[in-house]
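Heads up, the thing below is written out as structure tokens.
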Amino acid sequence: MLRDAVVLVPFAQLVPFARRAFAAAGGWLPRVETTRTLAASLGPAWPAAPNAPSLDAAIDPLLARQMLAREPWGAQWQRSDPLGFARAAARMAATAHDIVAAVSRIPPDARDAWWAAARHVLRPVAGPGAKESALGRLALEWAALAPPAPTDWLFDRVPSAWIAIEAGGSDPLVASLFGAARVPCLVIETDAADDRPFAAVRRADAPMLAVCDSFEEEAEASAAQVLEHLRHGERPVVLIAQDRLLVRRVRALLERAGTVLLDETGWKLSTTRAAAQLMSLLLAARREATADQFFDWLKSGTRWHRDAPAGVAAIEAASRKHAAWRSDAIAALALGDAGADRVRDEALAVLEPLRSRAGQPLGDWLRSVARALDRSGVLASLRADAAGASVLAAIGADGVVADSALGRLAAAAEPMSFVEFTQWVDDVLESATFRPQAGEADRGATGLEGIDVVITPLARAMLRPFAAAVLPGADDARLGKFVTDDSLLSRSTREVLGIVRPEARVRAEFLAFAQLLALPCVTLLHRRADGSEPLAASPFIERLALALAEQHADLRAWRDPRVLRTVAATPTRRAAALAPSRVPERLSATAFEDLRVCPYRFFARRMLGLGEDAELDGDLEKRDYGAWLHRVLHEFHVRRGAGPIDIAADTAALRTAGESVLAADGFDAAEFLPWSASFDAFVPRYVAWLREREARGARWTRGEAAFSVRPPELAGTQMHGRIDRIDEVTQGGVATLELIDYKTGSETRLRKQARERFEDTQLAFYAALVGATDERPLKATYLALEASPGLAEIEHEDVAASAAALVEGIAIDLRRLRGGAGLMPLGEGEACRFCEARGLCRRDHWLEEEPEGGAA
């Protein structure tokens, strides 16, 4: 009786279509299932033995590590080569999974013989490969502890007949089931013959091939082709998820166009916002965490970012100001704000339990993570979010570990470091899949009514009634690529044990590709390169092209359905900014230099107060070294005072000052090593220069000296600045003040700058500050700290006259600005090339012509 027969289809999405086909034929319906769905309906899963593998790709490598570490030789291996040991444990887990999968396809009554044969094949060997052989035997015995497969219930089922629809190659489980059956069995093969795999491809309907220049072009072309099919009423269209990253971009483009999508693939749990929140906590909790990682966590939905954003902003501003690029340096900052202090202290207190240097069992780490999520105000929002709930369930961080294998792992006595725990969490999130919108799965189970586009893997597109197919990612890196597995077993051993080989996977993918070509319209797309890595067409496409050539045909060239739009260029003119009411009340040397270099930059930076935030990273640049050296010299001279020169003592004191400032700044000694070498060479040169200078009657009086004055010519505007160093030079009974500015730049550039007296803003500005309150003669000098062979003093001649001219020029410029003069962007020179205000003045969109109107 047909009603007692069972029809097995390759995958669940074919079930509704098979049932409809039998219903349309009339009469009794057979039972239509997949092997998995039928087995699930026949009986429950068998309980696992205490030490059995969980068959979870993230959990079992850890279980394997714990198993190996219990052996004396394994513990020694773990101590001597931890990375190699972890790699071996992962391979052992993968091999055990392969063995369990292979044995599940063997009839239960034949398994004793199979295990005996497997143990014989994997008997101990000596010499090369002995360690892999031993690990393979361990994997075999570990796999033997696995409970019977859920599909074992199928061998007890006795229908009136077995009917299997075969697509994408034969199913070894179905073959074993039919071989052991005592009822009629029928296999309906839908794959093309091996010698004519593309027999269904007609010359007139050959697939179209599009070769794109970039990732974005391939995504746009794929979306355009899907929309073209829909425009002609061809629906549903199947979008093959061969390149998962690219298909996500295509999906975004299609959603923007308002298409109704059914995504059967989902995406990795690690790419969800909830996973990012969890990982930001773990990264911020590392003792070597950067300030960026600390603020990423604070801003990832924590209660402080919601309830005290001003405190978070104050901490970040202070970190940027003081170049505190590590989280431990943030802990030492003097914030001067009670709210910011509270936020910082509470946040660091949440992280502290996770910063234990001692190893802990997984269960302890999970409880610590759950408490940290709760105390930071994130746990409730994760529970309320579908992806967040999936993240918590995947790692068992919600207080209850439901999965037996995860619970067994959490209760294990073997401790793990925080780094190992973080890596394990990352592996769990990377191996899990998140499928949003549960309603999509329900629609997929009943058919494709109302669906425009179905996103699915190539293997699940077979035999389904799609109007057209679009397959992006049809290149040699993603379609038809031979990927070796990570098994500990040799090729011949895998063949004897019936473990699926890479060749079988490639063949199954090829058969699925050939099935896809039976659809009315198929478009294949690939790009020429992934970054700098060239890509070719898939070997499957090459085989298809050869088969078409035998019919005197070829792949059709893709007709781009995108509409080319011609957009007229609309360049802008240079426009002067007018802001007489925003003339600053305080001016520094740097601010006035901005006005000289480019009036518009002065408008953006000084009148509007705009500027780029300092980077919070540990990449030490020359300017970081220069700022550090300024602080070192200041500390050295403050401690030394005006005492007599002592080369040995001063050399030691200067090095001590360097170590002190290095520790205070929180720089890592290893990362600072290149600059430490420069400093080691600098110390004797500086002490020698200091000795020679003091012999000429000079003595250090103060450093980092702040000045501010209000010259009457400026009508109330204040000039202010901080001078690196002021020396008093006594020669012939006359005392002169010498203003010194430390420089780590080019000596040649400094000499050129000092020669152009009325263009050199900085020293003239400093002279105006000091000369307003001190009547002693002034001298101003750049000290080139990296000049060779010795330090170079580069004097700004007649600096008092330059200062007077500078104040007069400032007064003229300020009167013009207050009177409404425009601040024109100049768009010239090096200053323009690296200007942070370039986007504001629209420099890259100008007409190439002279500006109209005046400039300040």
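Chain identifiers are assigned as A, B, and so on, following the order in which chains appear in the structure tokens; residues are numbered from 1 within each chain, and ligands are numbered from 1 in order of appearance.
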
Considering only C-alpha atoms, return as an MDAnalysis selection string whatever protein or nucleic-acid residues lie within 9 Å of stretch 343-346 of chain A, sequence-local ones (same chain, fewer than 5 positions apart) excluded. chainID A and resid 304 308 311:312 315 330:331 338 351 376

Go ahead and save the residues from that selection, with N, CA, C and O atoms, as a compact mmCIF listing (two decimals), in the first residue's frame.
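Writing done, so here's selection_11.txt:
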```txt
# COMPACT_ATOMS: atom_id res chain seq x y z
N TRP A 304 26.51 52.64 31.75
CA TRP A 304 27.18 53.94 31.86
C TRP A 304 27.00 54.76 30.59
O TRP A 304 26.82 55.97 30.65
N ALA A 308 25.13 57.74 31.88
CA ALA A 308 26.13 58.76 32.18
C ALA A 308 27.04 59.00 30.99
O ALA A 308 28.27 58.85 31.07
N GLY A 311 30.04 61.34 31.50
CA GLY A 311 31.18 60.75 32.19
C GLY A 311 32.06 59.94 31.26
O GLY A 311 33.29 60.03 31.31
N VAL A 312 31.44 59.16 30.39
CA VAL A 312 32.20 58.38 29.41
C VAL A 312 32.97 59.32 28.48
O VAL A 312 34.16 59.09 28.18
N ILE A 315 36.04 60.78 30.25
CA ILE A 315 37.14 59.82 30.36
C ILE A 315 37.87 59.72 29.02
O ILE A 315 39.11 59.71 28.95
N ILE A 330 44.49 54.46 31.84
CA ILE A 330 43.24 55.18 32.14
C ILE A 330 42.96 55.13 33.64
O ILE A 330 42.48 56.09 34.23
N ALA A 331 43.29 54.02 34.27
CA ALA A 331 43.05 53.88 35.70
C ALA A 331 43.85 54.89 36.51
O ALA A 331 43.43 55.28 37.61
N ALA A 338 33.93 64.25 39.29
CA ALA A 338 33.42 63.19 40.16
C ALA A 338 32.61 62.16 39.38
O ALA A 338 32.72 60.95 39.62
N LEU A 351 35.38 44.76 35.40
CA LEU A 351 36.35 43.99 34.62
C LEU A 351 37.32 43.20 35.50
O LEU A 351 37.86 42.18 35.07
N SER A 376 27.17 45.38 34.24
CA SER A 376 27.33 46.45 33.24
C SER A 376 26.01 46.81 32.57
O SER A 376 25.98 47.67 31.68
```

DSSP on the backbone: what in stretch 244-379 of chain A comes out strand (DSSP E or B), as a PyMOL selection string? chain A and resi 261-263+267-268+290+326+360

I'd like the neighbourhood of stretch 256-260 of chain A as number ranges by chain, where a residue qualifies if any of its atoms comes within 8 Å (using only C-alpha atoms), though same-chain residues fewer than 4 positions away should be ignored. A: 252, 450-453

Residues of stretch 110-170 of chain A within 10 Å of stretch 64-83 of chain A: nearest atom pair and distance (Å, one decimal) for each, counting only C-alpha atoms, sorted by chain and number, as a Markdown table?
```
| residue | atom | partner | partner_atom | distance |
| --- | --- | --- | --- | --- |
| A:Leu135 | CA | A:Leu68 | CA | 9.2 |
| A:Leu138 | CA | A:Leu68 | CA | 9.2 |
| A:Ala139 | CA | A:Ala64 | CA | 8.9 |
| A:Trp142 | CA | A:Ala64 | CA | 9.1 |
```

With N, CA and C atoms kept, could you save the residues just selected as a JSON list (two decimals), in the first residue's frame?
```json
[["chain", "number", "residue", "atom", "x", "y", "z"],
["A", 135, "LEU", "N", 47.35, 9.35, 18.13],
["A", 135, "LEU", "CA", 46.21, 10.26, 18.27],
["A", 135, "LEU", "C", 44.99, 9.72, 17.51],
["A", 138, "LEU", "N", 43.38, 7.12, 19.65],
["A", 138, "LEU", "CA", 42.62, 7.77, 20.71],
["A", 138, "LEU", "C", 41.30, 8.32, 20.17],
["A", 139, "ALA", "N", 41.35, 8.92, 18.97],
["A", 139, "ALA", "CA", 40.12, 9.45, 18.37],
["A", 139, "ALA", "C", 39.13, 8.33, 18.11],
["A", 142, "TRP", "N", 37.65, 7.19, 21.43],
["A", 142, "TRP", "CA", 36.76, 8.24, 21.92],
["A", 142, "TRP", "C", 35.44, 8.22, 21.15]]
```

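Closest approach to A:Pro457 from the set A:Leu333, A:Ala241, A:Ala653, A:Leu145 is made by A:Ala241, with distances taken over only C-alpha atoms.
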
Residues near A:Phe434, anyone? I mean within 6 Å using only C-alpha atoms, not counting same-chain ones fewer than 6 positions away, as a compact mmCIF listing (two decimals) with N, CA and C atoms, in the first residue's frame.
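Final file, out20.txt:
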```txt
# COMPACT_ATOMS: atom_id res chain seq x y z
N GLY A 266 21.00 32.03 7.07
CA GLY A 266 21.35 32.74 8.29
C GLY A 266 22.77 33.27 8.17
N TRP A 267 23.38 33.59 9.32
CA TRP A 267 24.78 34.00 9.30
C TRP A 267 25.44 33.60 10.60
N LYS A 268 26.75 33.70 10.60
CA LYS A 268 27.48 33.27 11.78
C LYS A 268 27.06 34.11 12.99
N LEU A 269 26.91 33.43 14.11
CA LEU A 269 26.53 34.12 15.34
C LEU A 269 27.56 35.18 15.71
```

Using the chain letters and numbers from this document, which residues of stretch 32-247 of chain A does DSSP assign to alpha helix (DSSP H), as a count of residues only? 106

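Residues surrounding A:Gln762 within 7 Å are Ala589, Phe765 and Tyr766 of chain A [only C-alpha atoms; sequence separation below 3 positions excluded].
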
Please, could you write that set of residues out with C-alpha atoms as a PDB file, in the first residue's frame?
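In the end it all went to result.pdb:
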```
ATOM      1  CA  ALA A 589      51.414  80.808  18.170  1.00  0.00           C
ATOM      2  CA  PHE A 765      55.393  85.066  19.206  1.00  0.00           C
ATOM      3  CA  TYR A 766      57.290  83.770  22.270  1.00  0.00           C
TER       4      TYR A 766
END
```

Neighbouring residues of stretch 166-171 of chain A were defined as those with any atom within 9 Å, considering only C-alpha atoms; residues of the same chain fewer than 5 positions away were excluded. Please report them as number ranges by chain. A: 8-10, 176, 187-191, 459, 462-463, 504, 507-515

Which neighbours of A:Glu621 fall inside 10 Å, counting only C-alpha atoms, when residues of the same chain fewer than 3 positions from it are skipped, and could you give them as a PyMOL selection string? chain A and resi 618+624-626+672+675

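Computed from the coordinates, the atom CA of A:Asp760 to atom CA of A:Leu814 distance equals 18.8 Å.
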
Listing only residues of stretch 790-841 of chain A within 10 Å of stretch 706-711 of chain A, what is the closest atom pair and its distance in Å (to one decimal) for each, using only C-alpha atoms, sorted by chain and residue number ascending, as CSV?
```
residue,atom,partner,partner_atom,distance
A:Val807,CA,A:Pro711,CA,8.0
A:Glu808,CA,A:Pro711,CA,9.9
A:Ala811,CA,A:Pro711,CA,9.3
```

Please write the residues from the selection above to a file, keeping N, CA, C and O atoms, as a short mmCIF file (atom, residue, chain, number, x, y, z; two decimals), in the first residue's frame.
```cif
data_model
loop_
_atom_site.label_atom_id
_atom_site.label_comp_id
_atom_site.auth_asym_id
_atom_site.auth_seq_id
_atom_site.Cartn_x
_atom_site.Cartn_y
_atom_site.Cartn_z
N VAL A 807 53.21 91.47 16.34
CA VAL A 807 52.07 92.02 17.06
C VAL A 807 51.32 93.01 16.19
O VAL A 807 50.07 93.02 16.16
N GLU A 808 52.05 93.80 15.44
CA GLU A 808 51.39 94.75 14.54
C GLU A 808 50.59 94.02 13.47
O GLU A 808 49.45 94.40 13.15
N ALA A 811 47.41 92.58 14.94
CA ALA A 811 46.42 93.63 15.16
C ALA A 811 45.69 93.98 13.87
O ALA A 811 44.46 94.14 13.84
#
```

Could you jot down the atom CA of A:Arg383 to atom CA of A:Arg371 separation for me, Å, one decimal place?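 Interatomic distance, atom CA of A:Arg383 to atom CA of A:Arg371: 13.8 Å.
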